[in-house]
Amino acid sequence: MGQALPPPGEALTRLTEQLGDPLTASLLSDRRGSRAWKVRGSRGVVALKANNSDEATARDKATEMAQEDEHILRLTTAGALRPDYRIDAGLWDGGRWLAVRWVDGVPLWRALALARGPEGDRPSVRPWLLQIARTWAEHLAGMHAAGWAHADIQPTNTLITPGGRAEVIDYALACGPDSDRPLPYRGALTHTTAPEIAAAVLATPADTHIQAQPAADVWSLGASLFWCWTGHRPVPYDDNIDRLDKLAVIAKGRTTPLTDVRPWPFPGFEATITACLAPDPTDRPTAKELIAAW
Ligand SMILES: Nc1ncnc2c1ncn2[C@@H]1O[C@H](COP(=O)(O)OP(=O)(O)O)[C@@H](O)[C@H]1O
Ligand SMILES: [Mg+2]
């Protein structure tokens, strides 16, 4: 492979059967105890994830990887994920690996770079932004109809295809109808955590599972669009304070008015993002309503 952090050999052996010889791998990310690679063969390309065996968190991350595989299988059975999303999964010497369909796209933050600046205020950008928001809501509506919440909706888990469609990845933390799971859900990325999840994290012991509801995904979707379009996170707090202190600010339910930070006016888009960020989950639109609004 000729690189410092090659993928697990056990995964490559299995993927060779499907992807064809020779395989090449490039590291996509290396964080929080797990790594991801783009693996290419003569017949195809996949995204491969594996826990990092060097880290103190290795066991939890291996369990999380097994949990993601289980979620993907169940979401596929429920019709909320394309049957070709899951490629393969297995064990390796240091834990677990999981391979999924390669999504050709860039993370939301990068995709919205033009829209974030004053030069984004042009007729072609408006329908393009709305299509991203609508296709994103379509993914969520499918999961929600099957009784699931994604529970980790945030800019890096949303890839924007060259055609301007949102694709959702990373099902490790999803919350399904059967809440029997190895790892309790305790919120995901702080900046996109809905106020009711923040409040539940603060009010319960660390080993208590919090069942994320669809309305929490809707808040996270609004927060991600707010953040990547304006360059500002929706809840203002000092970056240096602890996670729990940030969650305490989020739990109050107040967000920065979008009109204070938007790069240019886009009234319909702004109104729907603001509706997603309603503090009371019952006041937010559903994903299905978002599809109609966008
Ligand atoms: N199916 C995929 N297609 C393209 N890139 C992917 C895919 N899955 C993951 N990635 C890339 O790898 C990164 C890490 O994957 P992710 O599933 O989000 O794991 P984690 O957040 O647990 O590290 C993503 O942010 C993305 O850049
Ligand atoms: Mg992720």
# chains A, B, ... in the order shown; residues from 1 in each chain; ligands from 1
call {"tool": "residues_near_ligand", "arguments": {"ligand": "ligand 2", "cutoff": "9 Å", "atoms": "only C-alpha atoms and all ligand atoms", "output": "compact mmCIF listing (two decimals) with N, CA and C atoms, in the first residue's frame"}}
result
# COMPACT_ATOMS: atom_id res chain seq x y z
N ASP A 152 -26.90 11.71 14.32
CA ASP A 152 -25.57 12.33 14.17
C ASP A 152 -25.55 13.15 12.88
N ILE A 153 -26.64 13.91 12.68
CA ILE A 153 -26.72 14.78 11.50
C ILE A 153 -25.82 15.98 11.75
N GLN A 154 -24.82 16.16 10.90
CA GLN A 154 -23.85 17.24 11.04
C GLN A 154 -23.10 17.39 9.72
N PRO A 155 -22.38 18.51 9.56
CA PRO A 155 -21.76 18.79 8.25
C PRO A 155 -20.85 17.68 7.71
N THR A 156 -20.04 17.02 8.55
CA THR A 156 -19.12 16.03 7.96
C THR A 156 -19.81 14.70 7.63
N ASN A 157 -21.01 14.49 8.13
CA ASN A 157 -21.73 13.26 7.80
C ASN A 157 -22.70 13.47 6.63
N THR A 158 -22.54 14.59 5.94
CA THR A 158 -23.40 14.90 4.79
C THR A 158 -22.51 15.26 3.62
N ILE A 169 -24.25 9.82 5.48
CA ILE A 169 -23.42 8.67 5.83
C ILE A 169 -23.36 8.55 7.36
N ASP A 170 -22.67 7.54 7.86
CA ASP A 170 -22.33 7.38 9.28
C ASP A 170 -23.57 7.07 10.14
N TYR A 171 -23.93 5.81 10.17
CA TYR A 171 -25.13 5.37 10.89
C TYR A 171 -24.80 4.76 12.27
N ALA A 172 -23.59 5.03 12.76
CA ALA A 172 -23.12 4.38 13.99
C ALA A 172 -24.00 4.70 15.19
call {"tool": "closest_atom_pairs", "arguments": {"of": "chain A", "to": "ligand 1", "cutoff": "9 Å", "atoms": "only C-alpha atoms and all ligand atoms", "output": "CSV"}}
result
residue,atom,partner,partner_atom_place_in_ligand_line,distance
A:Leu27,CA,ligand 1,12 (O),8.5
A:Leu28,CA,ligand 1,12 (O),5.4
A:Ser29,CA,ligand 1,13 (C),5.4
A:Asp30,CA,ligand 1,23 (O),7.0
A:Arg31,CA,ligand 1,23 (O),6.0
A:Arg32,CA,ligand 1,23 (O),6.9
A:Gly33,CA,ligand 1,23 (O),8.0
A:Ser34,CA,ligand 1,23 (O),5.6
A:Arg35,CA,ligand 1,23 (O),6.0
A:Ala36,CA,ligand 1,12 (O),4.9
A:Trp37,CA,ligand 1,12 (O),6.7
A:Lys38,CA,ligand 1,5 (N),7.1
A:Val46,CA,ligand 1,1 (N),6.9
A:Ala47,CA,ligand 1,2 (C),4.9
A:Leu48,CA,ligand 1,8 (N),7.2
A:Lys49,CA,ligand 1,15 (O),6.8
A:Ala50,CA,ligand 1,23 (O),8.9
A:Asn51,CA,ligand 1,22 (O),8.9
A:Lys61,CA,ligand 1,22 (O),8.6
A:Glu64,CA,ligand 1,22 (O),8.5
A:Met65,CA,ligand 1,22 (O),8.2
A:Tyr85,CA,ligand 1,1 (N),7.8
A:Ala99,CA,ligand 1,1 (N),8.1
A:Val100,CA,ligand 1,1 (N),5.3
A:Arg101,CA,ligand 1,1 (N),5.0
A:Trp102,CA,ligand 1,3 (N),3.9
A:Val103,CA,ligand 1,3 (N),3.7
A:Asp104,CA,ligand 1,4 (C),6.0
A:Gly105,CA,ligand 1,4 (C),6.8
A:Val106,CA,ligand 1,27 (O),7.6
A:Pro107,CA,ligand 1,27 (O),6.8
A:Asp152,CA,ligand 1,21 (O),9.0
A:Pro155,CA,ligand 1,25 (O),8.6
A:Thr156,CA,ligand 1,25 (O),4.8
A:Asn157,CA,ligand 1,18 (O),5.1
A:Thr158,CA,ligand 1,25 (O),7.9
A:Leu159,CA,ligand 1,4 (C),7.4
A:Glu167,CA,ligand 1,1 (N),8.8
A:Val168,CA,ligand 1,1 (N),8.5
A:Ile169,CA,ligand 1,8 (N),5.7
A:Asp170,CA,ligand 1,17 (O),3.8
A:Tyr171,CA,ligand 1,17 (O),7.2
A:Ala172,CA,ligand 1,22 (O),7.0
call {"tool": "write_last_selection", "arguments": {"atoms": "C-alpha atoms", "output": "CSV table (one decimal), in the first residue's frame"}}
result
chain,number,residue,atom,x,y,z
A,27,LEU,CA,-6.6,7.6,4.1
A,28,LEU,CA,-9.7,9.9,4.4
A,29,SER,CA,-9.9,10.5,8.1
A,30,ASP,CA,-8.1,9.5,11.3
A,31,ARG,CA,-10.0,10.6,14.4
A,32,ARG,CA,-11.6,9.6,17.7
A,33,GLY,CA,-10.4,6.0,17.6
A,34,SER,CA,-11.4,5.2,14.0
A,35,ARG,CA,-10.1,5.6,10.5
A,36,ALA,CA,-11.6,5.7,7.1
A,37,TRP,CA,-10.1,5.0,3.7
A,38,LYS,CA,-11.1,5.1,0.0
A,46,VAL,CA,-15.7,1.7,-1.5
A,47,ALA,CA,-15.4,3.6,1.7
A,48,LEU,CA,-13.8,1.4,4.4
A,49,LYS,CA,-13.9,2.2,8.2
A,50,ALA,CA,-12.0,0.4,11.0
A,51,ASN,CA,-11.4,1.1,14.6
A,61,LYS,CA,-15.0,2.0,18.8
A,64,GLU,CA,-19.5,1.1,17.6
A,65,MET,CA,-18.5,-0.3,14.3
A,85,TYR,CA,-25.1,0.8,0.6
A,99,ALA,CA,-17.1,-1.2,4.0
A,100,VAL,CA,-19.9,0.9,2.4
A,101,ARG,CA,-20.8,2.2,-1.0
A,102,TRP,CA,-18.5,5.1,-2.1
A,103,VAL,CA,-20.4,8.4,-2.2
A,104,ASP,CA,-18.9,10.8,-4.7
A,105,GLY,CA,-19.3,14.1,-2.9
A,106,VAL,CA,-17.7,16.8,-0.7
A,107,PRO,CA,-18.6,17.6,2.9
A,152,ASP,CA,-25.6,12.3,14.2
A,155,PRO,CA,-21.8,18.8,8.3
A,156,THR,CA,-19.1,16.0,8.0
A,157,ASN,CA,-21.7,13.3,7.8
A,158,THR,CA,-23.4,14.9,4.8
A,159,LEU,CA,-21.7,14.7,1.4
A,167,GLU,CA,-26.2,12.0,0.8
A,168,VAL,CA,-26.1,11.0,4.4
A,169,ILE,CA,-23.4,8.7,5.8
A,170,ASP,CA,-22.3,7.4,9.3
A,171,TYR,CA,-25.1,5.4,10.9
A,172,ALA,CA,-23.1,4.4,14.0
call {"tool": "residues_around", "arguments": {"residues": "region 205-215 of chain A", "least_positions_apart": "2", "cutoff": "6 Å", "atoms": "only C-alpha atoms", "output": "PyMOL selection string"}}
result
chain A and resi 144+149+184-185+217-218+281
call {"tool": "atom_distance", "arguments": {"atom1": "CA of Ala198 (chain A)", "atom2": "CA of Gly253 (chain A)"}}
result
9.7 Å
call {"tool": "select_by_dssp", "arguments": {"residues": "region 93-177 of chain A", "states": "alpha helix (DSSP H)", "output": "PDB file with N, CA and C atoms, in the first residue's frame"}}
result
ATOM      1  N   LEU A 108     -20.423  19.122   3.470  1.00  0.00           N
ATOM      2  CA  LEU A 108     -21.289  20.296   3.345  1.00  0.00           C
ATOM      3  C   LEU A 108     -20.533  21.620   3.432  1.00  0.00           C
ATOM      4  N   TRP A 109     -19.605  21.716   4.380  1.00  0.00           N
ATOM      5  CA  TRP A 109     -18.885  22.986   4.587  1.00  0.00           C
ATOM      6  C   TRP A 109     -18.185  23.416   3.297  1.00  0.00           C
ATOM      7  N   ARG A 110     -17.518  22.460   2.657  1.00  0.00           N
ATOM      8  CA  ARG A 110     -16.781  22.762   1.426  1.00  0.00           C
ATOM      9  C   ARG A 110     -17.755  23.076   0.289  1.00  0.00           C
ATOM     10  N   ALA A 111     -18.838  22.300   0.226  1.00  0.00           N
ATOM     11  CA  ALA A 111     -19.806  22.488  -0.857  1.00  0.00           C
ATOM     12  C   ALA A 111     -20.452  23.874  -0.796  1.00  0.00           C
ATOM     13  N   ALA A 113     -19.092  26.692   0.194  1.00  0.00           N
ATOM     14  CA  ALA A 113     -18.099  27.783   0.244  1.00  0.00           C
ATOM     15  C   ALA A 113     -18.548  29.001  -0.575  1.00  0.00           C
ATOM     16  N   LEU A 114     -19.006  28.776  -1.788  1.00  0.00           N
ATOM     17  CA  LEU A 114     -19.433  29.890  -2.636  1.00  0.00           C
ATOM     18  C   LEU A 114     -20.677  30.564  -2.052  1.00  0.00           C
ATOM     19  N   ALA A 115     -21.643  29.738  -1.648  1.00  0.00           N
ATOM     20  CA  ALA A 115     -22.910  30.266  -1.115  1.00  0.00           C
ATOM     21  C   ALA A 115     -22.681  31.097   0.145  1.00  0.00           C
ATOM     22  N   ARG A 116     -21.589  30.798   0.878  1.00  0.00           N
ATOM     23  CA  ARG A 116     -21.306  31.467   2.153  1.00  0.00           C
ATOM     24  C   ARG A 116     -20.815  32.908   1.940  1.00  0.00           C
ATOM     25  N   VAL A 125     -27.559  29.924  -7.454  1.00  0.00           N
ATOM     26  CA  VAL A 125     -27.240  29.325  -6.142  1.00  0.00           C
ATOM     27  C   VAL A 125     -28.506  28.988  -5.355  1.00  0.00           C
ATOM     28  N   ARG A 126     -29.564  29.772  -5.540  1.00  0.00           N
ATOM     29  CA  ARG A 126     -30.780  29.566  -4.730  1.00  0.00           C
ATOM     30  C   ARG A 126     -31.411  28.187  -4.945  1.00  0.00           C
ATOM     31  N   PRO A 127     -31.727  27.792  -6.184  1.00  0.00           N
ATOM     32  CA  PRO A 127     -32.302  26.444  -6.369  1.00  0.00           C
ATOM     33  C   PRO A 127     -31.331  25.334  -5.992  1.00  0.00           C
ATOM     34  N   TRP A 128     -30.041  25.590  -6.135  1.00  0.00           N
ATOM     35  CA  TRP A 128     -29.014  24.598  -5.792  1.00  0.00           C
ATOM     36  C   TRP A 128     -29.013  24.346  -4.277  1.00  0.00           C
ATOM     37  N   LEU A 129     -29.104  25.452  -3.480  1.00  0.00           N
ATOM     38  CA  LEU A 129     -29.179  25.314  -2.019  1.00  0.00           C
ATOM     39  C   LEU A 129     -30.459  24.583  -1.608  1.00  0.00           C
ATOM     40  N   LEU A 130     -31.552  24.950  -2.250  1.00  0.00           N
ATOM     41  CA  LEU A 130     -32.839  24.325  -1.905  1.00  0.00           C
ATOM     42  C   LEU A 130     -32.829  22.835  -2.240  1.00  0.00           C
ATOM     43  N   GLN A 131     -32.173  22.480  -3.343  1.00  0.00           N
ATOM     44  CA  GLN A 131     -32.113  21.052  -3.705  1.00  0.00           C
ATOM     45  C   GLN A 131     -31.295  20.255  -2.691  1.00  0.00           C
ATOM     46  N   ILE A 132     -30.204  20.853  -2.207  1.00  0.00           N
ATOM     47  CA  ILE A 132     -29.404  20.188  -1.164  1.00  0.00           C
ATOM     48  C   ILE A 132     -30.275  19.954   0.073  1.00  0.00           C
ATOM     49  N   ALA A 133     -30.963  21.019   0.499  1.00  0.00           N
ATOM     50  CA  ALA A 133     -31.795  20.920   1.706  1.00  0.00           C
ATOM     51  C   ALA A 133     -32.911  19.890   1.508  1.00  0.00           C
ATOM     52  N   ARG A 134     -33.538  19.909   0.336  1.00  0.00           N
ATOM     53  CA  ARG A 134     -34.671  19.005   0.080  1.00  0.00           C
ATOM     54  C   ARG A 134     -34.223  17.545   0.015  1.00  0.00           C
ATOM     55  N   THR A 135     -33.126  17.269  -0.684  1.00  0.00           N
ATOM     56  CA  THR A 135     -32.680  15.875  -0.799  1.00  0.00           C
ATOM     57  C   THR A 135     -32.203  15.349   0.557  1.00  0.00           C
ATOM     58  N   TRP A 136     -31.667  16.246   1.359  1.00  0.00           N
ATOM     59  CA  TRP A 136     -31.249  15.878   2.715  1.00  0.00           C
ATOM     60  C   TRP A 136     -32.493  15.487   3.533  1.00  0.00           C
ATOM     61  N   ALA A 137     -33.521  16.338   3.446  1.00  0.00           N
ATOM     62  CA  ALA A 137     -34.776  16.049   4.164  1.00  0.00           C
ATOM     63  C   ALA A 137     -35.400  14.732   3.667  1.00  0.00           C
ATOM     64  N   GLU A 138     -35.234  14.428   2.388  1.00  0.00           N
ATOM     65  CA  GLU A 138     -35.774  13.167   1.856  1.00  0.00           C
ATOM     66  C   GLU A 138     -35.121  11.953   2.524  1.00  0.00           C
ATOM     67  N   HIS A 139     -33.802  12.012   2.703  1.00  0.00           N
ATOM     68  CA  HIS A 139     -33.115  10.911   3.408  1.00  0.00           C
ATOM     69  C   HIS A 139     -33.683  10.735   4.813  1.00  0.00           C
ATOM     70  N   LEU A 140     -33.836  11.884   5.501  1.00  0.00           N
ATOM     71  CA  LEU A 140     -34.330  11.818   6.881  1.00  0.00           C
ATOM     72  C   LEU A 140     -35.771  11.315   6.913  1.00  0.00           C
ATOM     73  N   ALA A 141     -36.579  11.772   5.976  1.00  0.00           N
ATOM     74  CA  ALA A 141     -37.986  11.349   5.974  1.00  0.00           C
ATOM     75  C   ALA A 141     -38.081   9.825   5.836  1.00  0.00           C
ATOM     76  N   GLY A 142     -37.210   9.239   5.020  1.00  0.00           N
ATOM     77  CA  GLY A 142     -37.205   7.778   4.857  1.00  0.00           C
ATOM     78  C   GLY A 142     -36.860   7.067   6.156  1.00  0.00           C
ATOM     79  N   MET A 143     -35.853   7.568   6.842  1.00  0.00           N
ATOM     80  CA  MET A 143     -35.465   6.967   8.129  1.00  0.00           C
ATOM     81  C   MET A 143     -36.574   7.157   9.167  1.00  0.00           C
ATOM     82  N   HIS A 144     -37.124   8.360   9.217  1.00  0.00           N
ATOM     83  CA  HIS A 144     -38.148   8.671  10.228  1.00  0.00           C
ATOM     84  C   HIS A 144     -39.403   7.833  10.016  1.00  0.00           C
ATOM     85  N   ALA A 145     -39.760   7.617   8.746  1.00  0.00           N
ATOM     86  CA  ALA A 145     -40.952   6.803   8.458  1.00  0.00           C
ATOM     87  C   ALA A 145     -40.753   5.367   8.935  1.00  0.00           C
TER      88      ALA A 145
END
call {"tool": "closest_residue", "arguments": {"among": "A:Trp229, A:Ser53, A:Trp97, A:Trp92", "to": "Ile273 (chain A)", "atoms": "only C-alpha atoms"}}
result
A:Trp229
call {"tool": "residues_around", "arguments": {"residues": "Glu17 (chain A)", "least_positions_apart": "5", "cutoff": "10 Å", "atoms": "only C-alpha atoms", "output": "list of chain:residue names"}}
result
A:Leu12, A:Gly41, A:Arg43
call {"tool": "residues_around", "arguments": {"residues": "Arg243 (chain A)", "least_positions_apart": "3", "cutoff": "8 Å", "atoms": "only C-alpha atoms", "output": "MDAnalysis selection string"}}
result
chainID A and resid 190 246:247
call {"tool": "write_last_selection", "arguments": {"atoms": "N, CA and C atoms", "output": "PDB file, in the first residue's frame"}}
result
ATOM      1  N   THR A 190     -21.244  18.324  19.450  1.00  0.00           N
ATOM      2  CA  THR A 190     -21.872  19.319  20.332  1.00  0.00           C
ATOM      3  C   THR A 190     -22.648  20.398  19.554  1.00  0.00           C
ATOM      4  N   LYS A 246     -21.209  23.884  27.177  1.00  0.00           N
ATOM      5  CA  LYS A 246     -21.818  24.226  25.883  1.00  0.00           C
ATOM      6  C   LYS A 246     -23.230  23.643  25.805  1.00  0.00           C
ATOM      7  N   LEU A 247     -23.364  22.388  26.248  1.00  0.00           N
ATOM      8  CA  LEU A 247     -24.691  21.744  26.197  1.00  0.00           C
ATOM      9  C   LEU A 247     -25.695  22.517  27.073  1.00  0.00           C
TER      10      LEU A 247
END
call {"tool": "closest_residue", "arguments": {"among": "A:Trp148, A:Trp227, A:Phe266, A:Trp219", "to": "Pro123 (chain A)", "atoms": "only C-alpha atoms"}}
result
A:Phe266
call {"tool": "residues_around", "arguments": {"residues": "Pro265 (chain A)", "least_positions_apart": "4", "cutoff": "9 Å", "atoms": "only C-alpha atoms", "output": "number ranges by chain"}}
result
A: 121, 259, 270
call {"tool": "closest_residue", "arguments": {"among": "A:Thr77, A:Ser220, A:Asn52, A:Thr192", "to": "Pro8 (chain A)", "atoms": "only C-alpha atoms"}}
result
A:Asn52
call {"tool": "atom_distance", "arguments": {"atom1": "CA of Pro267 (chain A)", "atom2": "CA of Tyr237 (chain A)"}}
result
25.8 Å
call {"tool": "atom_distance", "arguments": {"atom1": "CA of Leu73 (chain A)", "atom2": "CA of Ile87 (chain A)"}}
result
10.6 Å
call {"tool": "decode", "arguments": {"residues": "region 235-271 of chain A", "atoms": "N, CA and C atoms", "output": "PDB file, in the first residue's frame"}}
result
ATOM      1  N   VAL A 235     -25.769  28.378  17.969  1.00  0.00           N
ATOM      2  CA  VAL A 235     -25.796  28.765  19.387  1.00  0.00           C
ATOM      3  C   VAL A 235     -24.439  29.390  19.725  1.00  0.00           C
ATOM      4  N   PRO A 236     -24.455  30.659  20.155  1.00  0.00           N
ATOM      5  CA  PRO A 236     -23.177  31.303  20.453  1.00  0.00           C
ATOM      6  C   PRO A 236     -22.662  30.899  21.829  1.00  0.00           C
ATOM      7  N   TYR A 237     -21.453  30.355  21.875  1.00  0.00           N
ATOM      8  CA  TYR A 237     -20.776  30.105  23.160  1.00  0.00           C
ATOM      9  C   TYR A 237     -19.280  30.173  22.904  1.00  0.00           C
ATOM     10  N   ASP A 238     -18.556  30.367  23.994  1.00  0.00           N
ATOM     11  CA  ASP A 238     -17.107  30.451  23.911  1.00  0.00           C
ATOM     12  C   ASP A 238     -16.560  29.066  23.575  1.00  0.00           C
ATOM     13  N   ASP A 239     -15.714  28.993  22.555  1.00  0.00           N
ATOM     14  CA  ASP A 239     -15.151  27.716  22.118  1.00  0.00           C
ATOM     15  C   ASP A 239     -14.365  26.992  23.202  1.00  0.00           C
ATOM     16  N   ASN A 240     -13.833  27.757  24.169  1.00  0.00           N
ATOM     17  CA  ASN A 240     -12.942  27.149  25.163  1.00  0.00           C
ATOM     18  C   ASN A 240     -13.665  26.513  26.350  1.00  0.00           C
ATOM     19  N   ILE A 241     -14.977  26.686  26.443  1.00  0.00           N
ATOM     20  CA  ILE A 241     -15.665  26.093  27.596  1.00  0.00           C
ATOM     21  C   ILE A 241     -15.858  24.590  27.364  1.00  0.00           C
ATOM     22  N   ASP A 242     -16.108  23.845  28.459  1.00  0.00           N
ATOM     23  CA  ASP A 242     -16.269  22.387  28.380  1.00  0.00           C
ATOM     24  C   ASP A 242     -17.527  22.009  27.603  1.00  0.00           C
ATOM     25  N   ARG A 243     -17.525  20.745  27.114  1.00  0.00           N
ATOM     26  CA  ARG A 243     -18.695  20.255  26.365  1.00  0.00           C
ATOM     27  C   ARG A 243     -19.983  20.410  27.174  1.00  0.00           C
ATOM     28  N   LEU A 244     -19.943  20.033  28.458  1.00  0.00           N
ATOM     29  CA  LEU A 244     -21.175  20.083  29.251  1.00  0.00           C
ATOM     30  C   LEU A 244     -21.661  21.521  29.432  1.00  0.00           C
ATOM     31  N   ASP A 245     -20.724  22.466  29.512  1.00  0.00           N
ATOM     32  CA  ASP A 245     -21.126  23.877  29.618  1.00  0.00           C
ATOM     33  C   ASP A 245     -21.748  24.354  28.310  1.00  0.00           C
ATOM     34  N   LYS A 246     -21.209  23.884  27.177  1.00  0.00           N
ATOM     35  CA  LYS A 246     -21.818  24.226  25.883  1.00  0.00           C
ATOM     36  C   LYS A 246     -23.230  23.643  25.805  1.00  0.00           C
ATOM     37  N   LEU A 247     -23.364  22.388  26.248  1.00  0.00           N
ATOM     38  CA  LEU A 247     -24.691  21.744  26.197  1.00  0.00           C
ATOM     39  C   LEU A 247     -25.695  22.517  27.073  1.00  0.00           C
ATOM     40  N   ALA A 248     -25.200  23.059  28.196  1.00  0.00           N
ATOM     41  CA  ALA A 248     -26.098  23.829  29.074  1.00  0.00           C
ATOM     42  C   ALA A 248     -26.599  25.085  28.351  1.00  0.00           C
ATOM     43  N   VAL A 249     -25.745  25.699  27.540  1.00  0.00           N
ATOM     44  CA  VAL A 249     -26.175  26.879  26.757  1.00  0.00           C
ATOM     45  C   VAL A 249     -27.182  26.431  25.686  1.00  0.00           C
ATOM     46  N   ILE A 250     -26.877  25.332  25.002  1.00  0.00           N
ATOM     47  CA  ILE A 250     -27.781  24.825  23.948  1.00  0.00           C
ATOM     48  C   ILE A 250     -29.151  24.481  24.534  1.00  0.00           C
ATOM     49  N   ALA A 251     -29.140  23.881  25.730  1.00  0.00           N
ATOM     50  CA  ALA A 251     -30.396  23.424  26.349  1.00  0.00           C
ATOM     51  C   ALA A 251     -31.360  24.577  26.616  1.00  0.00           C
ATOM     52  N   LYS A 252     -30.844  25.800  26.697  1.00  0.00           N
ATOM     53  CA  LYS A 252     -31.729  26.967  26.908  1.00  0.00           C
ATOM     54  C   LYS A 252     -32.581  27.234  25.674  1.00  0.00           C
ATOM     55  N   GLY A 253     -32.150  26.731  24.516  1.00  0.00           N
ATOM     56  CA  GLY A 253     -32.988  26.793  23.314  1.00  0.00           C
ATOM     57  C   GLY A 253     -32.857  28.061  22.489  1.00  0.00           C
ATOM     58  N   ARG A 254     -31.988  28.982  22.915  1.00  0.00           N
ATOM     59  CA  ARG A 254     -31.856  30.230  22.138  1.00  0.00           C
ATOM     60  C   ARG A 254     -30.806  30.084  21.046  1.00  0.00           C
ATOM     61  N   THR A 255     -31.128  30.576  19.837  1.00  0.00           N
ATOM     62  CA  THR A 255     -30.165  30.569  18.735  1.00  0.00           C
ATOM     63  C   THR A 255     -29.997  31.994  18.199  1.00  0.00           C
ATOM     64  N   THR A 256     -28.872  32.236  17.558  1.00  0.00           N
ATOM     65  CA  THR A 256     -28.620  33.545  16.938  1.00  0.00           C
ATOM     66  C   THR A 256     -29.647  33.780  15.828  1.00  0.00           C
ATOM     67  N   PRO A 257     -30.256  34.990  15.764  1.00  0.00           N
ATOM     68  CA  PRO A 257     -31.173  35.248  14.636  1.00  0.00           C
ATOM     69  C   PRO A 257     -30.414  35.131  13.312  1.00  0.00           C
ATOM     70  N   LEU A 258     -30.988  34.386  12.392  1.00  0.00           N
ATOM     71  CA  LEU A 258     -30.330  34.149  11.103  1.00  0.00           C
ATOM     72  C   LEU A 258     -30.092  35.463  10.349  1.00  0.00           C
ATOM     73  N   THR A 259     -31.003  36.417  10.530  1.00  0.00           N
ATOM     74  CA  THR A 259     -30.856  37.716   9.840  1.00  0.00           C
ATOM     75  C   THR A 259     -29.591  38.459  10.294  1.00  0.00           C
ATOM     76  N   ASP A 260     -29.065  38.146  11.494  1.00  0.00           N
ATOM     77  CA  ASP A 260     -27.850  38.814  11.986  1.00  0.00           C
ATOM     78  C   ASP A 260     -26.586  38.309  11.285  1.00  0.00           C
ATOM     79  N   VAL A 261     -26.612  37.091  10.751  1.00  0.00           N
ATOM     80  CA  VAL A 261     -25.364  36.469  10.278  1.00  0.00           C
ATOM     81  C   VAL A 261     -25.429  35.936   8.847  1.00  0.00           C
ATOM     82  N   ARG A 262     -26.589  35.969   8.211  1.00  0.00           N
ATOM     83  CA  ARG A 262     -26.697  35.407   6.848  1.00  0.00           C
ATOM     84  C   ARG A 262     -25.796  36.195   5.882  1.00  0.00           C
ATOM     85  N   PRO A 263     -25.214  35.504   4.895  1.00  0.00           N
ATOM     86  CA  PRO A 263     -24.339  36.219   3.959  1.00  0.00           C
ATOM     87  C   PRO A 263     -25.119  37.106   3.000  1.00  0.00           C
ATOM     88  N   TRP A 264     -26.377  36.761   2.718  1.00  0.00           N
ATOM     89  CA  TRP A 264     -27.254  37.527   1.820  1.00  0.00           C
ATOM     90  C   TRP A 264     -28.667  37.049   2.079  1.00  0.00           C
ATOM     91  N   PRO A 265     -29.679  37.866   1.780  1.00  0.00           N
ATOM     92  CA  PRO A 265     -31.058  37.486   2.118  1.00  0.00           C
ATOM     93  C   PRO A 265     -31.600  36.368   1.235  1.00  0.00           C
ATOM     94  N   PHE A 266     -32.290  35.433   1.867  1.00  0.00           N
ATOM     95  CA  PHE A 266     -32.944  34.335   1.144  1.00  0.00           C
ATOM     96  C   PHE A 266     -34.130  33.928   2.025  1.00  0.00           C
ATOM     97  N   PRO A 267     -35.211  34.780   2.039  1.00  0.00           N
ATOM     98  CA  PRO A 267     -36.251  34.700   3.075  1.00  0.00           C
ATOM     99  C   PRO A 267     -36.874  33.313   3.286  1.00  0.00           C
ATOM    100  N   GLY A 268     -37.274  32.606   2.213  1.00  0.00           N
ATOM    101  CA  GLY A 268     -37.935  31.309   2.393  1.00  0.00           C
ATOM    102  C   GLY A 268     -37.012  30.287   3.040  1.00  0.00           C
ATOM    103  N   PHE A 269     -35.788  30.242   2.567  1.00  0.00           N
ATOM    104  CA  PHE A 269     -34.776  29.320   3.091  1.00  0.00           C
ATOM    105  C   PHE A 269     -34.512  29.628   4.570  1.00  0.00           C
ATOM    106  N   GLU A 270     -34.382  30.924   4.867  1.00  0.00           N
ATOM    107  CA  GLU A 270     -34.115  31.342   6.253  1.00  0.00           C
ATOM    108  C   GLU A 270     -35.267  30.952   7.185  1.00  0.00           C
ATOM    109  N   ALA A 271     -36.494  31.166   6.721  1.00  0.00           N
ATOM    110  CA  ALA A 271     -37.655  30.881   7.580  1.00  0.00           C
ATOM    111  C   ALA A 271     -37.713  29.391   7.925  1.00  0.00           C
TER     112      ALA A 271
END
